[in-house]
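Novice: Contents are PDB, C-alpha atoms and all ligand atoms; file name upload.pdb:
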```pdb
MODEL        1
ATOM      1  CA  MET A 566       0.000   0.000   0.000
ATOM      2  CA  ALA A 567       1.831   3.104  -1.237
ATOM      3  CA  LYS A 568      -0.255   5.814   0.418
ATOM      4  CA  GLY A 569       1.207   7.158   3.680
ATOM      5  CA  LEU A 570      -0.512   6.894   7.028
ATOM      6  CA  THR A 571      -0.664   9.635   9.635
ATOM      7  CA  LEU A 572      -2.099   8.960  13.093
ATOM      8  CA  VAL A 573      -3.152  12.047  15.016
ATOM      9  CA  ILE A 574      -3.114  11.436  18.758
ATOM     10  CA  ALA A 575      -3.019  13.349  22.057
ATOM     11  CA  ASN A 576      -0.594  13.138  24.994
ATOM     12  CA  LYS A 577       0.735   9.635  25.505
ATOM     13  CA  ARG A 578       0.594  10.179  29.263
ATOM     14  CA  TYR A 579      -3.158  10.762  29.291
ATOM     15  CA  SER A 580      -4.851   9.798  26.030
ATOM     16  CA  SER A 581      -6.304   6.344  26.413
ATOM     17  CA  TRP A 582      -8.203   6.450  23.106
ATOM     18  CA  SER A 583      -5.020   7.399  21.242
ATOM     19  CA  LEU A 584      -3.133   4.456  22.725
ATOM     20  CA  ARG A 585      -5.442   1.885  21.146
ATOM     21  CA  PRO A 586      -4.682   2.326  17.420
ATOM     22  CA  TRP A 587      -1.092   3.460  18.087
ATOM     23  CA  LEU A 588      -0.381   0.246  20.019
ATOM     24  CA  ALA A 589      -1.858  -2.047  17.373
ATOM     25  CA  MET A 590      -0.168  -0.215  14.483
ATOM     26  CA  THR A 591       3.182  -0.311  16.260
ATOM     27  CA  HIS A 592       2.775  -3.942  17.306
ATOM     28  CA  PHE A 593       1.842  -5.007  13.762
ATOM     29  CA  ASP A 594       4.627  -2.938  12.273
ATOM     30  CA  VAL A 595       2.442  -0.685  10.145
ATOM     31  CA  PRO A 596       4.557   2.345   9.222
ATOM     32  CA  PHE A 597       2.950   5.680  10.085
ATOM     33  CA  GLU A 598       3.727   9.255  10.939
ATOM     34  CA  GLU A 599       2.565  10.481  14.301
ATOM     35  CA  VAL A 600       1.136  13.922  15.078
ATOM     36  CA  VAL A 601       0.678  14.709  18.789
ATOM     37  CA  ILE A 602      -1.805  17.413  19.814
ATOM     38  CA  PRO A 603      -1.445  18.181  23.534
ATOM     39  CA  LEU A 604      -4.737  18.226  25.452
ATOM     40  CA  ASP A 605      -6.098  21.022  27.626
ATOM     41  CA  GLN A 606      -4.497  23.963  25.826
ATOM     42  CA  ASP A 607      -6.114  26.902  24.005
ATOM     43  CA  SER A 608      -4.794  25.461  20.755
ATOM     44  CA  THR A 609      -6.132  21.925  21.363
ATOM     45  CA  SER A 610      -9.604  22.179  19.918
ATOM     46  CA  PRO A 611      -8.718  24.160  16.757
ATOM     47  CA  ALA A 612      -5.759  21.857  16.110
ATOM     48  CA  ILE A 613      -7.950  18.732  16.376
ATOM     49  CA  LEU A 614     -10.666  20.305  14.216
ATOM     50  CA  GLU A 615      -8.118  20.656  11.407
ATOM     51  CA  HIS A 616      -8.097  16.853  11.266
ATOM     52  CA  SER A 617     -11.684  15.913  12.116
ATOM     53  CA  ALA A 618     -14.933  17.816  12.530
ATOM     54  CA  ALA A 619     -15.774  15.378  15.331
ATOM     55  CA  GLY A 620     -13.227  17.248  17.452
ATOM     56  CA  LYS A 621     -11.620  14.187  19.032
ATOM     57  CA  VAL A 622      -8.474  12.178  18.542
ATOM     58  CA  PRO A 623      -7.326   9.639  17.448
ATOM     59  CA  VAL A 624      -7.737  10.411  13.762
ATOM     60  CA  LEU A 625      -6.146   8.370  10.973
ATOM     61  CA  HIS A 626      -5.312   9.807   7.555
ATOM     62  CA  HIS A 627      -4.485   7.313   4.846
ATOM     63  CA  GLY A 628      -3.984   9.160   1.587
ATOM     64  CA  ASP A 629      -7.259  11.020   1.090
ATOM     65  CA  ILE A 630      -9.183   8.757   3.498
ATOM     66  CA  THR A 631      -9.820  10.057   7.020
ATOM     67  CA  VAL A 632     -11.097   7.784   9.796
ATOM     68  CA  TRP A 633     -11.909   8.759  13.376
ATOM     69  CA  GLU A 634     -13.214   6.839  16.405
ATOM     70  CA  SER A 635     -10.610   4.408  17.740
ATOM     71  CA  LEU A 636     -12.541   1.241  16.918
ATOM     72  CA  ALA A 637     -13.382   2.398  13.383
ATOM     73  CA  ILE A 638      -9.681   3.171  12.858
ATOM     74  CA  LEU A 639      -8.729  -0.321  13.983
ATOM     75  CA  GLU A 640     -11.373  -1.920  11.748
ATOM     76  CA  TYR A 641     -10.157   0.186   8.829
ATOM     77  CA  LEU A 642      -6.574  -0.938   9.429
ATOM     78  CA  ALA A 643      -7.656  -4.582   9.592
ATOM     79  CA  ASP A 644      -9.173  -4.190   6.098
ATOM     80  CA  ALA A 645      -6.343  -2.119   4.636
ATOM     81  CA  PHE A 646      -3.506  -4.264   6.037
ATOM     82  CA  TYR A 647      -5.222  -7.624   5.850
ATOM     83  CA  ASP A 648      -1.950  -9.559   5.914
ATOM     84  CA  ARG A 649      -1.623  -8.897   9.685
ATOM     85  CA  PRO A 650      -3.569 -10.911  12.314
ATOM     86  CA  TRP A 651      -5.607  -7.998  13.728
ATOM     87  CA  TRP A 652      -8.479 -10.306  14.654
ATOM     88  CA  PRO A 653      -8.561 -14.014  15.512
ATOM     89  CA  THR A 654      -9.321 -16.124  12.430
ATOM     90  CA  ASP A 655     -11.724 -18.617  14.031
ATOM     91  CA  PRO A 656     -15.270 -17.238  13.486
ATOM     92  CA  HIS A 657     -16.379 -17.818  17.098
ATOM     93  CA  ALA A 658     -13.262 -16.180  18.479
ATOM     94  CA  LYS A 659     -13.540 -13.301  16.010
ATOM     95  CA  ALA A 660     -17.174 -12.692  16.952
ATOM     96  CA  ARG A 661     -16.190 -12.631  20.627
ATOM     97  CA  ALA A 662     -13.224 -10.333  19.937
ATOM     98  CA  ARG A 663     -15.388  -7.860  18.033
ATOM     99  CA  THR A 664     -18.041  -7.972  20.747
ATOM    100  CA  ILE A 665     -15.714  -7.261  23.646
ATOM    101  CA  ALA A 666     -13.902  -4.569  21.658
ATOM    102  CA  ALA A 667     -17.281  -2.899  21.052
ATOM    103  CA  GLU A 668     -18.233  -3.321  24.724
ATOM    104  CA  MET A 669     -15.054  -1.459  25.670
ATOM    105  CA  HIS A 670     -15.640   1.257  23.090
ATOM    106  CA  ALA A 671     -19.200   1.888  24.221
ATOM    107  CA  GLY A 672     -19.097   0.938  27.871
ATOM    108  CA  PHE A 673     -17.554   1.115  31.323
ATOM    109  CA  GLY A 674     -18.831   4.651  31.740
ATOM    110  CA  ALA A 675     -18.409   4.574  35.525
ATOM    111  CA  MET A 676     -14.827   3.266  35.530
ATOM    112  CA  ARG A 677     -13.406   5.553  32.851
ATOM    113  CA  PRO A 678     -13.960   8.976  34.493
ATOM    114  CA  ALA A 679     -13.214   7.572  37.966
ATOM    115  CA  MET A 680      -9.785   6.413  36.788
ATOM    116  CA  PRO A 681      -8.436   8.710  34.088
ATOM    117  CA  MET A 682      -5.361   7.262  32.383
ATOM    118  CA  ASN A 683      -2.212   8.796  33.825
ATOM    119  CA  LEU A 684       1.013   6.935  33.172
ATOM    120  CA  ASP A 685       2.890   9.222  35.566
ATOM    121  CA  LYS A 686       1.091   8.211  38.709
ATOM    122  CA  THR A 687       0.599   5.287  41.037
ATOM    123  CA  TYR A 688      -2.157   5.714  43.612
ATOM    124  CA  GLU A 689      -2.848   3.885  46.841
ATOM    125  CA  PRO A 690      -5.647   1.305  46.532
ATOM    126  CA  SER A 691      -9.067   2.876  47.090
ATOM    127  CA  ALA A 692     -12.609   1.861  47.848
ATOM    128  CA  TRP A 693     -14.552   2.401  44.634
ATOM    129  CA  ALA A 694     -18.163   3.488  44.217
ATOM    130  CA  ALA A 695     -20.525   0.594  43.519
ATOM    131  CA  ASP A 696     -20.887   1.354  39.805
ATOM    132  CA  VAL A 697     -17.088   1.555  39.364
ATOM    133  CA  SER A 698     -16.638  -1.750  41.224
ATOM    134  CA  LYS A 699     -19.252  -3.293  38.943
ATOM    135  CA  ASP A 700     -17.273  -2.204  35.851
ATOM    136  CA  ILE A 701     -14.015  -3.516  37.367
ATOM    137  CA  ALA A 702     -15.626  -6.883  38.113
ATOM    138  CA  ARG A 703     -17.202  -7.086  34.657
ATOM    139  CA  ILE A 704     -13.856  -6.375  32.946
ATOM    140  CA  GLN A 705     -11.942  -8.954  34.941
ATOM    141  CA  GLY A 706     -14.730 -11.507  34.453
ATOM    142  CA  LEU A 707     -14.627 -10.850  30.730
ATOM    143  CA  TRP A 708     -10.825 -11.254  30.656
ATOM    144  CA  ARG A 709     -11.002 -14.514  32.636
ATOM    145  CA  ASP A 710     -13.778 -15.979  30.531
ATOM    146  CA  THR A 711     -12.159 -14.993  27.219
ATOM    147  CA  ARG A 712      -8.735 -16.299  28.273
ATOM    148  CA  ALA A 713     -10.301 -19.599  29.408
ATOM    149  CA  LYS A 714     -12.256 -20.090  26.175
ATOM    150  CA  TYR A 715      -9.911 -18.614  23.571
ATOM    151  CA  GLY A 716      -6.521 -17.876  25.160
ATOM    152  CA  GLY A 717      -4.979 -21.293  24.545
ATOM    153  CA  ASP A 718      -1.239 -21.308  25.163
ATOM    154  CA  GLY A 719      -0.801 -17.599  24.433
ATOM    155  CA  ASP A 720      -0.648 -14.701  26.881
ATOM    156  CA  PHE A 721      -3.376 -12.515  25.359
ATOM    157  CA  LEU A 722      -7.168 -12.663  25.281
ATOM    158  CA  PHE A 723      -7.161 -14.733  22.092
ATOM    159  CA  GLY A 724      -3.671 -16.208  22.496
ATOM    160  CA  THR A 725      -1.750 -13.744  20.360
ATOM    161  CA  PHE A 726      -2.258  -9.977  20.486
ATOM    162  CA  THR A 727      -5.348  -8.702  18.628
ATOM    163  CA  ILE A 728      -7.431  -5.533  18.397
ATOM    164  CA  ALA A 729      -9.322  -6.705  21.496
ATOM    165  CA  ASP A 730      -6.105  -6.406  23.522
ATOM    166  CA  ALA A 731      -5.433  -2.967  22.049
ATOM    167  CA  MET A 732      -8.903  -1.864  23.175
ATOM    168  CA  TYR A 733      -8.280  -3.060  26.754
ATOM    169  CA  ALA A 734      -4.651  -1.862  27.035
ATOM    170  CA  PRO A 735      -5.603   1.490  28.641
ATOM    171  CA  VAL A 736      -7.695  -0.423  31.192
ATOM    172  CA  VAL A 737      -4.609  -2.438  32.071
ATOM    173  CA  THR A 738      -2.621   0.757  32.674
ATOM    174  CA  ARG A 739      -5.473   2.165  34.786
ATOM    175  CA  PHE A 740      -5.644  -0.954  36.930
ATOM    176  CA  LYS A 741      -1.903  -0.574  37.575
ATOM    177  CA  THR A 742      -2.042   3.203  38.149
ATOM    178  CA  TYR A 743      -4.916   2.897  40.631
ATOM    179  CA  CYS A 744      -3.656  -0.342  42.249
ATOM    180  CA  VAL A 745      -6.890  -2.144  41.431
ATOM    181  CA  GLU A 746      -6.951  -5.609  42.942
ATOM    182  CA  MET A 747      -6.757  -8.265  40.222
ATOM    183  CA  ASP A 748      -7.308 -12.014  40.187
ATOM    184  CA  ASP A 749      -4.376 -14.158  39.022
ATOM    185  CA  VAL A 750      -5.570 -14.525  35.432
ATOM    186  CA  SER A 751      -6.198 -10.785  35.035
ATOM    187  CA  SER A 752      -2.905  -9.937  36.687
ATOM    188  CA  ALA A 753      -0.944 -12.235  34.334
ATOM    189  CA  TYR A 754      -2.846 -10.791  31.384
ATOM    190  CA  ALA A 755      -2.058  -7.243  32.522
ATOM    191  CA  ASP A 756       1.631  -8.113  32.764
ATOM    192  CA  ALA A 757       1.573  -9.530  29.215
ATOM    193  CA  VAL A 758       0.073  -6.304  27.865
ATOM    194  CA  LEU A 759       2.497  -4.098  29.809
ATOM    195  CA  GLY A 760       5.409  -6.258  28.589
ATOM    196  CA  LEU A 761       4.660  -5.711  24.909
ATOM    197  CA  PRO A 762       7.557  -3.829  23.274
ATOM    198  CA  ALA A 763       5.052  -1.444  21.679
ATOM    199  CA  MET A 764       3.486  -0.732  25.091
ATOM    200  CA  GLN A 765       6.890  -0.093  26.611
ATOM    201  CA  LYS A 766       7.720   2.322  23.776
ATOM    202  CA  TRP A 767       4.473   4.256  24.377
ATOM    203  CA  THR A 768       5.211   4.431  28.121
ATOM    204  CA  ALA A 769       8.793   5.598  27.540
ATOM    205  CA  ASP A 770       7.574   8.280  25.116
ATOM    206  CA  ALA A 771       4.968   9.391  27.673
ATOM    207  CA  ALA A 772       7.643   9.869  30.327
ATOM    208  CA  GLU A 773       9.487  12.272  28.004
ATOM    209  CA  GLU A 774       6.473  14.484  27.340
ATOM    210  CA  PRO A 775       6.707  18.018  28.710
ATOM    211  CA  TRP A 776       2.971  18.540  29.277
ATOM    212  CA  VAL A 777       1.431  18.075  32.711
ATOM    213  CA  ILE A 778      -2.308  18.544  33.161
ATOM    214  CA  ASP A 779      -2.989  19.827  36.669
ATOM    215  CA  LYS A 780      -6.417  18.252  37.035
ATOM    216  CA  TYR A 781      -4.779  14.822  36.773
ATOM    217  CA  GLY A 782      -2.338  15.692  39.564
ATOM    218  CA  PRO A 783       1.362  16.629  39.550
ATOM    219  CA  PRO A 784       3.921  14.112  38.239
ATOM    220  CA  GLU A 785       5.628  11.970  40.875
TER     221      GLU A 785
HETATM  222  N1  LIG B 801     -14.983   7.605  21.157
HETATM  223  C1  LIG B 801     -13.768   8.290  20.782
HETATM  224  C2  LIG B 801     -13.233   9.028  21.997
HETATM  225  C3  LIG B 801     -12.109   9.964  21.636
HETATM  226  C4  LIG B 801     -11.745  10.925  22.767
HETATM  227  O1  LIG B 801     -12.534  11.166  23.710
HETATM  228  N2  LIG B 801     -10.551  11.506  22.646
HETATM  229  C5  LIG B 801     -10.081  12.500  23.587
HETATM  230  C6  LIG B 801      -8.622  12.236  23.936
HETATM  231  S1  LIG B 801      -8.406  10.704  24.788
HETATM  232  C7  LIG B 801     -10.101  13.854  22.908
HETATM  233  O2  LIG B 801      -9.919  13.961  21.715
HETATM  234  N3  LIG B 801     -10.261  14.930  23.680
HETATM  235  C8  LIG B 801     -10.102  16.239  23.137
HETATM  236  C9  LIG B 801     -11.122  17.187  23.607
HETATM  237  O3  LIG B 801     -12.157  16.725  24.115
HETATM  238  O4  LIG B 801     -10.899  18.395  23.427
HETATM  239  C10 LIG B 801     -12.778   7.266  20.199
HETATM  240  O5  LIG B 801     -12.979   6.071  20.396
HETATM  241  O6  LIG B 801     -11.824   7.646  19.497
ENDMDL
END
```
What would the structure in this file look like if it were written as C-alpha cells?
Specialist:
Amino acid sequence: MAKGLTLVIANKRYSSWSLRPWLAMTHFDVPFEEVVIPLDQDSTSPAILEHSAAGKVPVLHHGDITVWESLAILEYLADAFYDRPWWPTDPHAKARARTIAAEMHAGFGAMRPAMPMNLDKTYEPSAWAADVSKDIARIQGLWRDTRAKYGGDGDFLFGTFTIADAMYAPVVTRFKTYCVEMDDVSSAYADAVLGLPAMQKWTADAAEEPWVIDKYGPPE
C-alpha cells in the first residue's frame, strides 16, 4: 500500500483512546507518521478540528481517506492491512473479539472517568463506588472468561495480540495506576500487555512528554 498513514493522537501520558490504534499499528509494524496534539491547551480544539470535525483524537489519515473513532480506525486498518492478524481467524473467536472490543468502546462509563489514564502516577488502593466496582468486576470476568475459552497457550485474550487487547490496554494501565486488585488470570494478562515492546515504547515516550495537566495531579 503506497499511500502514507498519519495517526493524530493526544498526549501519551493521558490519552487512552489514542493508545489503542497506536499500540496495534506499532505492534503489527504498520509504518505511520505520528502527530501529537497536547490536550487542555487553548490550541487543542482548533488543532484537532483541522483533522476531524468530530473534534476528538485519534484520527487516521491514509492518503485522502480520514477515519476517526478508535474502533473504526482499527477496523479500517484490519481491512487495509489484511496480511496482519488484527483479529482471531476462528469465526467464534472473532465474533467474541469484536463484541468485547465494542463493549469497551461503548461501555464502562463509571470506571473511565473515575480512573483517568495517567502513566505518571501510582495511587494507593481505594474503595470504589458501587458502579465503578461493577465495571471492574465485569472487565476482569470478561478477561477470565475470554482467556479460558480462547486464550490457549498464548498470553493474550485470544492467544496472540489482537485488536481486542489494544482496546483493553488502557484499562490495564489504569488498573496498575490505581492499584486495582486483580485475580491471578487478570494480573498475568495485565503483565503480558504491559510487557509488549510497543506498550513499553508508548510508556517511555509518555515519560518524556513536557505537558502536565494539573487536574490529573502533579507528576511523581
Ligand atoms: N470515542 C472516541 C473518543 C475519543 C476521545 O474522547 N478523545 C479525547 C482524547 S483521549 C479527545 O480527543 N479529547 C479532546 C477534547 O475533548 O478536546 C474514540 O474512540 O476515538
Novice: Go through segment 612-713 of chain A and flag each residue having an atom no more than 9 Å from segment 733-739 of chain A; for those, report the closest pair of atoms plus their distance in Å to one decimal, using all atoms listed in the file, ordered by chain and rising number, as a tab-separated table.
Specialist:
```
residue	atom	partner	partner_atom	distance
A:Ala666	CA	A:Tyr733	CA	7.7
A:Met669	CA	A:Tyr733	CA	7.0
A:Arg677	CA	A:Val736	CA	8.4
A:Met680	CA	A:Arg739	CA	6.4
A:Pro681	CA	A:Arg739	CA	7.2
A:Met682	CA	A:Arg739	CA	5.6
A:Asn683	CA	A:Arg739	CA	7.5
A:Leu684	CA	A:Thr738	CA	7.2
A:Ile704	CA	A:Val736	CA	8.7
```
Novice: Could you state the separation of atom CA of Lys686 of chain A and atom O6 of ligand LIG 801 (chain B) in Å, given to one decimal place?
Specialist: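 Here the two named atoms are 23.2 Å from each other.
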Novice: Excluding segment 574-581 of chain A and any residue of its chain fewer than 3 positions from it, enumerate the residues within 10 Å of it, using all atoms listed in the file, and give them as a ChimeraX atom specification.
Specialist: /A:571,584-587,599-605,609,613,621-625,635,677,681-686,732-736,738-739,767-778,781
Novice: May I ask which of the residues A:Leu642, A:Ala667, A:Met590, A:Val595 is the closest one to ligand LIG 801 (chain B), counting all atoms listed in the file?
Specialist: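 So, comparing all the options, the nearest one is A:Ala667.
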Novice: Pull out every residue that the PyMOL selection byres (((chain A and resi 651) around 9) and not hetatm) matches in the shown coordinates and put them as an NGL selection string.
Specialist: :A and (589 or 593 or 639-640 or 642-643 or 646-650 or 652-653 or 726-729)
Novice: Find the distance between atom CA of Tyr715 of chain A and atom CA of Gly672 of chain A and write it in Å to one decimal.
Specialist: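 That distance, rounded to one decimal, is 22.0 Å.
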Novice: Which residue is closest to ligand LIG 801 (chain B)? Choose from A:Ala753, A:Val758, A:Leu636, A:Ala702 and count only C-alpha atoms and all ligand atoms.
Specialist: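 Of the candidates, the smallest distance to ligand LIG 801 (chain B) is held by A:Leu636.
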Novice: Evaluate the PyMOL selection byres (((chain A and resi 628) around 10) and not hetatm) here and jot the selected residues down as a ChimeraX atom specification.
Specialist: /A:567-571,625-627,629-631
Novice: Need to verify the contact set: Ala757 of chain A, 10 Å, all atoms listed in the file, exclusion of same-chain residues closer than 2 positions in sequence. Can you return it as a PyMOL selection string?
Specialist: chain A and resi 719-721+726+737+751-755+759-761+764
Novice: If you measure from atom CA of Leu707 of chain A to atom N1 of ligand LIG 801 (chain B), what distance in Å do you get, rounded to one decimal?
Specialist: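 These atoms are spaced 20.8 Å apart.
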Novice: May I ask which of the residues A:Pro596, A:Gly717, A:Pro656, A:Gly674 is the closest one to ligand LIG 801 (chain B), counting all atoms listed in the file?
Specialist: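 Result for the nearest residue to ligand LIG 801 (chain B): A:Gly674.
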